[in-house]
file target_7.pdb (PDB, C-alpha atoms, pLDDT in the B column)
ATOM      1  CA  MET A   1      35.903 -41.332 -99.785  1.00 54.00           C
ATOM      2  CA  SER A   2      38.287 -38.669-101.008  1.00 70.00           C
ATOM      3  CA  ARG A   3      41.337 -38.247 -98.816  1.00 81.00           C
ATOM      4  CA  PHE A   4      41.148 -34.518 -99.601  1.00 82.00           C
ATOM      5  CA  LEU A   5      37.509 -33.555 -99.024  1.00 90.00           C
ATOM      6  CA  GLY A   6      35.699 -36.577 -97.569  1.00 91.00           C
ATOM      7  CA  ASP A   7      32.712 -38.295 -99.135  1.00 94.00           C
ATOM      8  CA  ILE A   8      31.131 -37.290-102.420  1.00 94.00           C
ATOM      9  CA  ARG A   9      27.751 -36.129-101.162  1.00 97.00           C
ATOM     10  CA  GLN A  10      25.942 -35.107-104.344  1.00 97.00           C
ATOM     11  CA  ASN A  11      25.666 -35.947-108.029  1.00 97.00           C
ATOM     12  CA  GLY A  12      24.468 -32.947-110.033  1.00 97.00           C
ATOM     13  CA  TYR A  13      22.638 -33.466-113.313  1.00 98.00           C
ATOM     14  CA  VAL A  14      22.112 -30.574-115.727  1.00 98.00           C
ATOM     15  CA  VAL A  15      18.917 -31.163-117.685  1.00 98.00           C
ATOM     16  CA  ARG A  16      16.861 -29.383-120.311  1.00 98.00           C
ATOM     17  CA  ASP A  17      13.480 -30.382-118.805  1.00 98.00           C
ATOM     18  CA  ILE A  18      13.483 -30.651-115.017  1.00 98.00           C
ATOM     19  CA  GLU A  19       9.887 -31.866-114.783  1.00 98.00           C
ATOM     20  CA  ARG A  20      10.654 -34.773-117.131  1.00 98.00           C
ATOM     21  CA  ALA A  21      13.840 -35.517-115.185  1.00 98.00           C
ATOM     22  CA  MET A  22      11.953 -35.615-111.856  1.00 98.00           C
ATOM     23  CA  ARG A  23       9.402 -38.026-113.362  1.00 98.00           C
ATOM     24  CA  HIS A  24      12.230 -40.283-114.542  1.00 98.00           C
ATOM     25  CA  TRP A  25      13.938 -40.334-111.155  1.00 98.00           C
ATOM     26  CA  THR A  26      10.731 -40.924-109.179  1.00 98.00           C
ATOM     27  CA  GLU A  27       8.905 -43.326-111.536  1.00 97.00           C
ATOM     28  CA  VAL A  28      11.774 -45.249-113.154  1.00 97.00           C
ATOM     29  CA  MET A  29      14.510 -45.049-110.524  1.00 97.00           C
ATOM     30  CA  GLY A  30      12.244 -44.953-107.441  1.00 97.00           C
ATOM     31  CA  VAL A  31      14.219 -42.042-105.958  1.00 98.00           C
ATOM     32  CA  GLY A  32      12.405 -39.295-104.107  1.00 98.00           C
ATOM     33  CA  PRO A  33      10.733 -37.253-102.954  1.00 98.00           C
ATOM     34  CA  PHE A  34      12.170 -34.301-104.823  1.00 98.00           C
ATOM     35  CA  PHE A  35      12.160 -30.870-103.231  1.00 98.00           C
ATOM     36  CA  TYR A  36      11.680 -28.460-106.123  1.00 98.00           C
ATOM     37  CA  ILE A  37      12.770 -24.823-106.114  1.00 98.00           C
ATOM     38  CA  GLU A  38      11.519 -23.190-109.296  1.00 98.00           C
ATOM     39  CA  ASP A  39      13.450 -19.918-108.876  1.00 97.00           C
ATOM     40  CA  VAL A  40      16.613 -20.488-106.845  1.00 96.00           C
ATOM     41  CA  PRO A  41      17.618 -17.400-104.826  1.00 95.00           C
ATOM     42  CA  VAL A  42      21.288 -17.319-105.842  1.00 96.00           C
ATOM     43  CA  SER A  43      23.364 -14.285-104.927  1.00 96.00           C
ATOM     44  CA  ASN A  44      26.872 -13.232-105.925  1.00 97.00           C
ATOM     45  CA  PHE A  45      26.875 -15.591-108.922  1.00 98.00           C
ATOM     46  CA  GLN A  46      30.035 -15.240-110.979  1.00 98.00           C
ATOM     47  CA  TYR A  47      31.241 -17.010-114.092  1.00 97.00           C
ATOM     48  CA  GLY A  48      34.907 -16.650-114.952  1.00 95.00           C
ATOM     49  CA  GLY A  49      35.233 -14.043-112.200  1.00 95.00           C
ATOM     50  CA  LYS A  50      32.516 -11.802-113.685  1.00 98.00           C
ATOM     51  CA  PRO A  51      28.925 -11.310-112.458  1.00 98.00           C
ATOM     52  CA  SER A  52      26.272 -13.376-114.230  1.00 98.00           C
ATOM     53  CA  ASP A  53      22.526 -13.165-113.598  1.00 97.00           C
ATOM     54  CA  VAL A  54      21.805 -16.885-113.844  1.00 97.00           C
ATOM     55  CA  LYS A  55      18.223 -18.004-113.330  1.00 98.00           C
ATOM     56  CA  MET A  56      17.733 -21.667-112.532  1.00 98.00           C
ATOM     57  CA  SER A  57      15.467 -24.289-111.062  1.00 98.00           C
ATOM     58  CA  ILE A  58      16.723 -27.172-108.953  1.00 98.00           C
ATOM     59  CA  ALA A  59      15.226 -30.338-107.540  1.00 98.00           C
ATOM     60  CA  LEU A  60      16.866 -32.279-104.712  1.00 98.00           C
ATOM     61  CA  ALA A  61      16.317 -35.829-103.459  1.00 98.00           C
ATOM     62  CA  ASN A  62      18.422 -38.483-101.792  1.00 98.00           C
ATOM     63  CA  SER A  63      19.271 -42.065-102.612  1.00 97.00           C
ATOM     64  CA  GLY A  64      20.712 -43.194 -99.300  1.00 96.00           C
ATOM     65  CA  PRO A  65      23.478 -40.786 -98.316  1.00 96.00           C
ATOM     66  CA  LEU A  66      23.906 -39.512-101.905  1.00 98.00           C
ATOM     67  CA  GLN A  67      21.937 -36.425-102.873  1.00 98.00           C
ATOM     68  CA  ILE A  68      20.657 -36.181-106.446  1.00 98.00           C
ATOM     69  CA  GLU A  69      20.453 -32.626-107.776  1.00 98.00           C
ATOM     70  CA  LEU A  70      18.651 -31.748-111.001  1.00 98.00           C
ATOM     71  CA  ILE A  71      19.401 -28.322-112.487  1.00 98.00           C
ATOM     72  CA  GLN A  72      17.663 -26.519-115.323  1.00 98.00           C
ATOM     73  CA  GLN A  73      19.049 -23.148-116.288  1.00 98.00           C
ATOM     74  CA  ARG A  74      16.185 -20.823-117.246  1.00 98.00           C
ATOM     75  CA  ASN A  75      18.111 -18.139-119.175  1.00 98.00           C
ATOM     76  CA  ASP A  76      21.174 -17.705-121.388  1.00 97.00           C
ATOM     77  CA  GLU A  77      23.481 -16.005-118.867  1.00 98.00           C
ATOM     78  CA  PRO A  78      27.034 -17.413-118.766  1.00 98.00           C
ATOM     79  CA  SER A  79      27.551 -20.433-116.499  1.00 97.00           C
ATOM     80  CA  MET A  80      29.202 -23.823-116.500  1.00 96.00           C
ATOM     81  CA  TYR A  81      25.689 -25.313-116.767  1.00 96.00           C
ATOM     82  CA  LEU A  82      25.119 -23.518-120.053  1.00 96.00           C
ATOM     83  CA  ASP A  83      28.600 -24.498-121.265  1.00 94.00           C
ATOM     84  CA  PHE A  84      27.738 -28.140-120.556  1.00 94.00           C
ATOM     85  CA  LEU A  85      24.459 -27.955-122.482  1.00 95.00           C
ATOM     86  CA  ASN A  86      25.998 -25.997-125.369  1.00 95.00           C
ATOM     87  CA  ALA A  87      28.667 -28.694-125.694  1.00 92.00           C
ATOM     88  CA  GLY A  88      25.827 -31.118-126.471  1.00 94.00           C
ATOM     89  CA  HIS A  89      25.655 -32.746-123.046  1.00 93.00           C
ATOM     90  CA  GLU A  90      22.829 -33.453-120.662  1.00 95.00           C
ATOM     91  CA  GLY A  91      23.212 -35.480-117.489  1.00 96.00           C
ATOM     92  CA  LEU A  92      25.872 -35.782-114.799  1.00 95.00           C
ATOM     93  CA  GLN A  93      27.740 -32.460-114.769  1.00 95.00           C
ATOM     94  CA  HIS A  94      29.311 -32.377-111.309  1.00 95.00           C
ATOM     95  CA  VAL A  95      30.046 -34.234-108.112  1.00 95.00           C
ATOM     96  CA  ALA A  96      29.905 -32.220-104.922  1.00 97.00           C
ATOM     97  CA  PHE A  97      31.780 -32.345-101.683  1.00 96.00           C
ATOM     98  CA  TRP A  98      30.066 -30.708 -98.716  1.00 97.00           C
ATOM     99  CA  THR A  99      32.034 -28.741 -96.164  1.00 96.00           C
ATOM    100  CA  ALA A 100      31.525 -27.069 -92.821  1.00 94.00           C
ATOM    101  CA  ASN A 101      34.893 -25.325 -93.270  1.00 95.00           C
ATOM    102  CA  PHE A 102      34.568 -23.689 -96.674  1.00 97.00           C
ATOM    103  CA  ASP A 103      37.516 -21.295 -96.376  1.00 97.00           C
ATOM    104  CA  ARG A 104      39.955 -24.062 -95.378  1.00 96.00           C
ATOM    105  CA  ASP A 105      38.805 -26.429 -98.128  1.00 96.00           C
ATOM    106  CA  MET A 106      38.744 -23.666-100.724  1.00 97.00           C
ATOM    107  CA  ALA A 107      42.356 -22.773 -99.837  1.00 97.00           C
ATOM    108  CA  GLN A 108      43.321 -26.445-100.136  1.00 94.00           C
ATOM    109  CA  MET A 109      41.775 -26.723-103.599  1.00 94.00           C
ATOM    110  CA  THR A 110      43.455 -23.505-104.739  1.00 94.00           C
ATOM    111  CA  GLU A 111      46.815 -24.770-103.440  1.00 94.00           C
ATOM    112  CA  ARG A 112      46.279 -27.947-105.467  1.00 91.00           C
ATOM    113  CA  GLY A 113      45.874 -25.816-108.613  1.00 90.00           C
ATOM    114  CA  PHE A 114      42.102 -25.864-109.005  1.00 91.00           C
ATOM    115  CA  GLU A 115      40.539 -22.776-110.574  1.00 93.00           C
ATOM    116  CA  VAL A 116      37.006 -21.487-110.060  1.00 96.00           C
ATOM    117  CA  GLY A 117      34.754 -21.693-113.106  1.00 95.00           C
ATOM    118  CA  HIS A 118      31.650 -20.343-111.460  1.00 97.00           C
ATOM    119  CA  SER A 119      30.546 -19.582-107.933  1.00 98.00           C
ATOM    120  CA  GLY A 120      27.699 -18.164-105.922  1.00 97.00           C
ATOM    121  CA  GLN A 121      25.813 -18.267-102.675  1.00 96.00           C
ATOM    122  CA  ILE A 122      22.443 -19.528-101.459  1.00 93.00           C
ATOM    123  CA  GLY A 123      21.613 -18.115 -98.043  1.00 88.00           C
ATOM    124  CA  ALA A 124      23.999 -16.877 -95.366  1.00 86.00           C
ATOM    125  CA  ASP A 125      26.072 -20.070 -95.099  1.00 88.00           C
ATOM    126  CA  GLY A 126      25.656 -21.513 -98.559  1.00 94.00           C
ATOM    127  CA  ARG A 127      28.662 -20.592-100.684  1.00 97.00           C
ATOM    128  CA  PHE A 128      29.521 -22.880-103.599  1.00 98.00           C
ATOM    129  CA  VAL A 129      32.201 -23.108-106.267  1.00 98.00           C
ATOM    130  CA  TYR A 130      32.593 -25.272-109.349  1.00 97.00           C
ATOM    131  CA  PHE A 131      36.183 -25.873-110.405  1.00 95.00           C
ATOM    132  CA  THR A 132      37.296 -25.866-114.021  1.00 89.00           C
ATOM    133  CA  GLN A 133      40.315 -28.115-113.588  1.00 67.00           C
ATOM    134  CA  GLN A 134      39.726 -31.784-114.117  1.00 61.00           C
ATOM    135  CA  ASP A 135      42.042 -34.635-114.926  1.00 63.00           C
ATOM    136  CA  HIS A 136      39.427 -36.530-116.903  1.00 62.00           C
ATOM    137  CA  PRO A 137      36.664 -35.635-119.309  1.00 63.00           C
ATOM    138  CA  GLY A 138      33.188 -35.334-117.854  1.00 69.00           C
ATOM    139  CA  SER A 139      31.981 -34.140-114.494  1.00 81.00           C
ATOM    140  CA  VAL A 140      33.565 -31.295-112.567  1.00 93.00           C
ATOM    141  CA  ILE A 141      33.999 -30.818-108.810  1.00 94.00           C
ATOM    142  CA  GLU A 142      31.764 -28.613-106.704  1.00 96.00           C
ATOM    143  CA  LEU A 143      32.631 -27.508-103.184  1.00 97.00           C
ATOM    144  CA  SER A 144      29.456 -26.635-101.268  1.00 97.00           C
ATOM    145  CA  GLU A 145      29.203 -24.999 -97.866  1.00 97.00           C
ATOM    146  CA  THR A 146      26.579 -26.736 -95.735  1.00 95.00           C
ATOM    147  CA  ASN A 147      26.410 -24.791 -92.507  1.00 89.00           C
ATOM    148  CA  GLY A 148      23.288 -23.319 -90.973  1.00 87.00           C
ATOM    149  CA  ARG A 149      19.995 -23.368 -92.805  1.00 91.00           C
ATOM    150  CA  LYS A 150      21.315 -25.040 -95.965  1.00 93.00           C
ATOM    151  CA  GLY A 151      22.768 -27.956 -94.005  1.00 93.00           C
ATOM    152  CA  LYS A 152      19.509 -28.405 -92.086  1.00 94.00           C
ATOM    153  CA  PHE A 153      17.541 -28.332 -95.344  1.00 96.00           C
ATOM    154  CA  PHE A 154      19.812 -31.002 -96.846  1.00 96.00           C
ATOM    155  CA  GLN A 155      19.316 -33.188 -93.750  1.00 96.00           C
ATOM    156  CA  SER A 156      15.531 -32.827 -94.022  1.00 97.00           C
ATOM    157  CA  ILE A 157      15.733 -34.026 -97.650  1.00 98.00           C
ATOM    158  CA  ARG A 158      17.705 -37.090 -96.517  1.00 97.00           C
ATOM    159  CA  ASP A 159      15.196 -37.783 -93.741  1.00 98.00           C
ATOM    160  CA  ALA A 160      12.259 -37.536 -96.162  1.00 98.00           C
ATOM    161  CA  ALA A 161      13.936 -39.977 -98.561  1.00 98.00           C
ATOM    162  CA  ASP A 162      14.571 -42.493 -95.791  1.00 97.00           C
ATOM    163  CA  SER A 163      10.840 -42.802 -95.095  1.00 96.00           C
ATOM    164  CA  TRP A 164       9.416 -42.077 -98.563  1.00 97.00           C
ATOM    165  CA  ASP A 165       6.563 -44.386 -99.584  1.00 97.00           C
ATOM    166  CA  GLY A 166       6.260 -43.118-103.169  1.00 96.00           C
ATOM    167  CA  SER A 167       3.497 -40.608-102.491  1.00 96.00           C
ATOM    168  CA  ASP A 168       3.834 -36.863-103.092  1.00 97.00           C
ATOM    169  CA  PRO A 169       6.925 -37.300-105.301  1.00 98.00           C
ATOM    170  CA  VAL A 170       7.561 -33.604-105.983  1.00 98.00           C
ATOM    171  CA  ARG A 171       7.315 -31.029-103.208  1.00 98.00           C
ATOM    172  CA  ALA A 172       7.547 -27.338-104.051  1.00 97.00           C
ATOM    173  CA  VAL A 173       9.774 -25.271-101.784  1.00 94.00           C
TER     174      VAL A 173
END

call {"tool": "encode", "arguments": {"input": "target_7.pdb", "output": "structure tokens"}}
result
Amino acid sequence: MSRFLGDIRQNGYVVRDIERAMRHWTEVMGVGPFFYIEDVPVSNFQYGGKPSDVKMSIALANSGPLQIELIQQRNDEPSMYLDFLNAGHEGLQHVAFWTANFDRDMAQMTERGFEVGHSGQIGADGRFVYFTQQDHPGSVIELSETNGRKGKFFQSIRDAADSWDGSDPVRAV
């Protein structure tokens, strides 16, 4: 547990082929079911403080309390996902902390010197930011607001994982 933001709640993997990645996680790792959103309705997406029209697909599943997120960017608009892929990487790109008090935690991260690399919003209470500052090579930190509908959706994913019997491994949202 982080003494700053609580538990790490999600590992985010940026992949080139999300269908292949879901098969790996469900068939090899036994993690699922995945809830797949082919065209994520992101609003207010910004990269480096400038608007970017990122198109992406995501798939979400849980392994116990840890959510696994798979992300495939579907266009060449600027983002930290594209930066990661263009640097020759594929795999774990971020760890996410979830918050019910986004403004407070965002202010805390800013006070600690963290800078926003990209940000956006999914739904009314679903703001997110990825920070560029890191003290080690590799994954970056995401702060994700989980109030309202987004938080309820995340809980339903956890509940489905807790009782998953291996059937219906990918569920379109």

call {"tool": "closest_residue", "arguments": {"input": "target_7.pdb", "among": "A:Gly49, A:Gly64, A:Gly166, A:Pro41", "to": "Ile122 in chain A", "atoms": "only C-alpha atoms"}}
result
A:Pro41

call {"tool": "resolve_selection", "arguments": {"input": "target_7.pdb", "expression": "the PyMOL selection byres ((chain A and resi 100-114) around 9)", "output": "ChimeraX atom specification"}}
result
/A:4-5,98-99,115-116,127-129,131-134,143-147,151

call {"tool": "atom_distance", "arguments": {"input": "target_7.pdb", "atom1": "CA of Asp53 in chain A", "atom2": "CA of Pro78 in chain A"}}
result
8.1 Å

call {"tool": "atom_distance", "arguments": {"input": "target_7.pdb", "atom1": "CA of Gln46 in chain A", "atom2": "CA of Ala172 in chain A"}}
result
26.5 Å

call {"tool": "residues_around", "arguments": {"input": "target_7.pdb", "residues": "Ser63 in chain A", "least_positions_apart": "5", "cutoff": "8 Å", "atoms": "all atoms listed in the file", "output": "VMD selection string"}}
result
chain A and resid 31 to 32 68 161

call {"tool": "atom_distance", "arguments": {"input": "target_7.pdb", "atom1": "CA of Leu66 in chain A", "atom2": "CA of Val42 in chain A"}}
result
22.7 Å

call {"tool": "resolve_selection", "arguments": {"input": "target_7.pdb", "expression": "the PyMOL selection byres ((chain A and resi 120) around 6)", "output": "list in words"}}
result
Ser43, Asn44, Phe45, Ser119, Gln121, Arg127 and Phe128 of chain A

call {"tool": "resolve_selection", "arguments": {"input": "target_7.pdb", "expression": "the PyMOL selection byres ((chain A and resi 38) around 6)", "output": "ChimeraX atom specification"}}
result
/A:37,39,57

call {"tool": "axis_aligned_box", "arguments": {"input": "target_7.pdb", "around": "range 144-152 of chain A", "padding_each_side": "3 Å", "output": "AutoDock Vina command-line options"}}
result
--center_x 24.5 --center_y -25.9 --center_z -96.1 --size_x 15.9 --size_y 11.1 --size_z 16.3

call {"tool": "residues_near_point", "arguments": {"input": "target_7.pdb", "point": "(32.5, -35.0, -98.3)", "cutoff": "6 Å", "atoms": "only C-alpha atoms", "output": "VMD selection string"}}
result
chain A and resid 5 to 9 97 to 98

call {"tool": "closest_residue", "arguments": {"input": "target_7.pdb", "among": "A:Glu69, A:Glu77, A:Asp83, A:Glu90", "to": "Asp17 in chain A", "atoms": "all atoms listed in the file"}}
result
A:Glu90

call {"tool": "residues_near_point", "arguments": {"input": "target_7.pdb", "point": "(21.5, -28.4, -115.3)", "cutoff": "7 Å", "atoms": "all atoms listed in the file", "output": "list in words"}}
result
Tyr13, Val14, Val15, Arg16, Leu70, Ile71, Gln72, Gln73 and Tyr81 of chain A

call {"tool": "closest_residue", "arguments": {"input": "target_7.pdb", "among": "A:Asn75, A:Ser139, A:Thr26, A:Ser156", "to": "His89 in chain A", "atoms": "only C-alpha atoms"}}
result
A:Ser139

call {"tool": "closest_residue", "arguments": {"input": "target_7.pdb", "among": "A:Trp25, A:Tyr47, A:Phe34, A:Trp164", "to": "Ala61 in chain A", "atoms": "only C-alpha atoms"}}
result
A:Phe34

call {"tool": "closest_residue", "arguments": {"input": "target_7.pdb", "among": "A:Gly148, A:Val95, A:His118, A:Asn86", "to": "Lys50 in chain A", "atoms": "all atoms listed in the file"}}
result
A:His118

call {"tool": "closest_residue", "arguments": {"input": "target_7.pdb", "among": "A:Arg171, A:Arg158, A:Arg20, A:Arg74", "to": "Val40 in chain A", "atoms": "all atoms listed in the file"}}
result
A:Arg74

call {"tool": "residues_around", "arguments": {"input": "target_7.pdb", "residues": "Lys150 in chain A", "least_positions_apart": "4", "cutoff": "7 Å", "atoms": "only C-alpha atoms", "output": "ChimeraX atom specification"}}
result
/A:125-126,146,154

call {"tool": "build_atoms", "arguments": {"input": "target_7.pdb", "residues": "range 94-105 of chain A", "atoms": "N, CA, C and O atoms", "output": "short mmCIF file (atom, residue, chain, number, x, y, z; two decimals), in the coordinates of the input"}}
result
data_model
loop_
_atom_site.label_atom_id
_atom_site.label_comp_id
_atom_site.auth_asym_id
_atom_site.auth_seq_id
_atom_site.Cartn_x
_atom_site.Cartn_y
_atom_site.Cartn_z
N HIS A 94 28.37 -32.59 -112.42
CA HIS A 94 29.31 -32.38 -111.31
C HIS A 94 29.09 -33.38 -110.19
O HIS A 94 28.03 -33.98 -110.07
N VAL A 95 30.14 -33.54 -109.39
CA VAL A 95 30.05 -34.23 -108.11
C VAL A 95 30.41 -33.20 -107.06
O VAL A 95 31.29 -32.37 -107.28
N ALA A 96 29.70 -33.25 -105.94
CA ALA A 96 29.90 -32.22 -104.92
C ALA A 96 30.41 -32.82 -103.62
O ALA A 96 29.97 -33.89 -103.19
N PHE A 97 31.32 -32.09 -103.03
CA PHE A 97 31.78 -32.34 -101.68
C PHE A 97 31.17 -31.27 -100.81
O PHE A 97 31.16 -30.10 -101.18
N TRP A 98 30.65 -31.65 -99.65
CA TRP A 98 30.07 -30.71 -98.72
C TRP A 98 31.08 -30.39 -97.63
O TRP A 98 31.86 -31.26 -97.22
N THR A 99 31.07 -29.15 -97.18
CA THR A 99 32.03 -28.74 -96.16
C THR A 99 31.42 -27.81 -95.12
O THR A 99 30.59 -26.98 -95.46
N ALA A 100 31.86 -28.00 -93.90
CA ALA A 100 31.52 -27.07 -92.82
C ALA A 100 32.64 -26.05 -92.64
O ALA A 100 32.50 -25.11 -91.88
N ASN A 101 33.76 -26.25 -93.35
CA ASN A 101 34.89 -25.32 -93.27
C ASN A 101 35.28 -24.90 -94.69
O ASN A 101 36.30 -25.34 -95.24
N PHE A 102 34.43 -24.08 -95.28
CA PHE A 102 34.57 -23.69 -96.67
C PHE A 102 35.91 -23.00 -96.95
O PHE A 102 36.59 -23.34 -97.93
N ASP A 103 36.28 -22.05 -96.12
CA ASP A 103 37.52 -21.30 -96.38
C ASP A 103 38.74 -22.20 -96.39
O ASP A 103 39.60 -22.09 -97.26
N ARG A 104 38.82 -23.12 -95.43
CA ARG A 104 39.96 -24.06 -95.38
C ARG A 104 39.99 -24.95 -96.63
O ARG A 104 41.02 -25.11 -97.27
N ASP A 105 38.84 -25.52 -96.98
CA ASP A 105 38.80 -26.43 -98.13
C ASP A 105 39.00 -25.69 -99.44
O ASP A 105 39.63 -26.22 -100.37
#
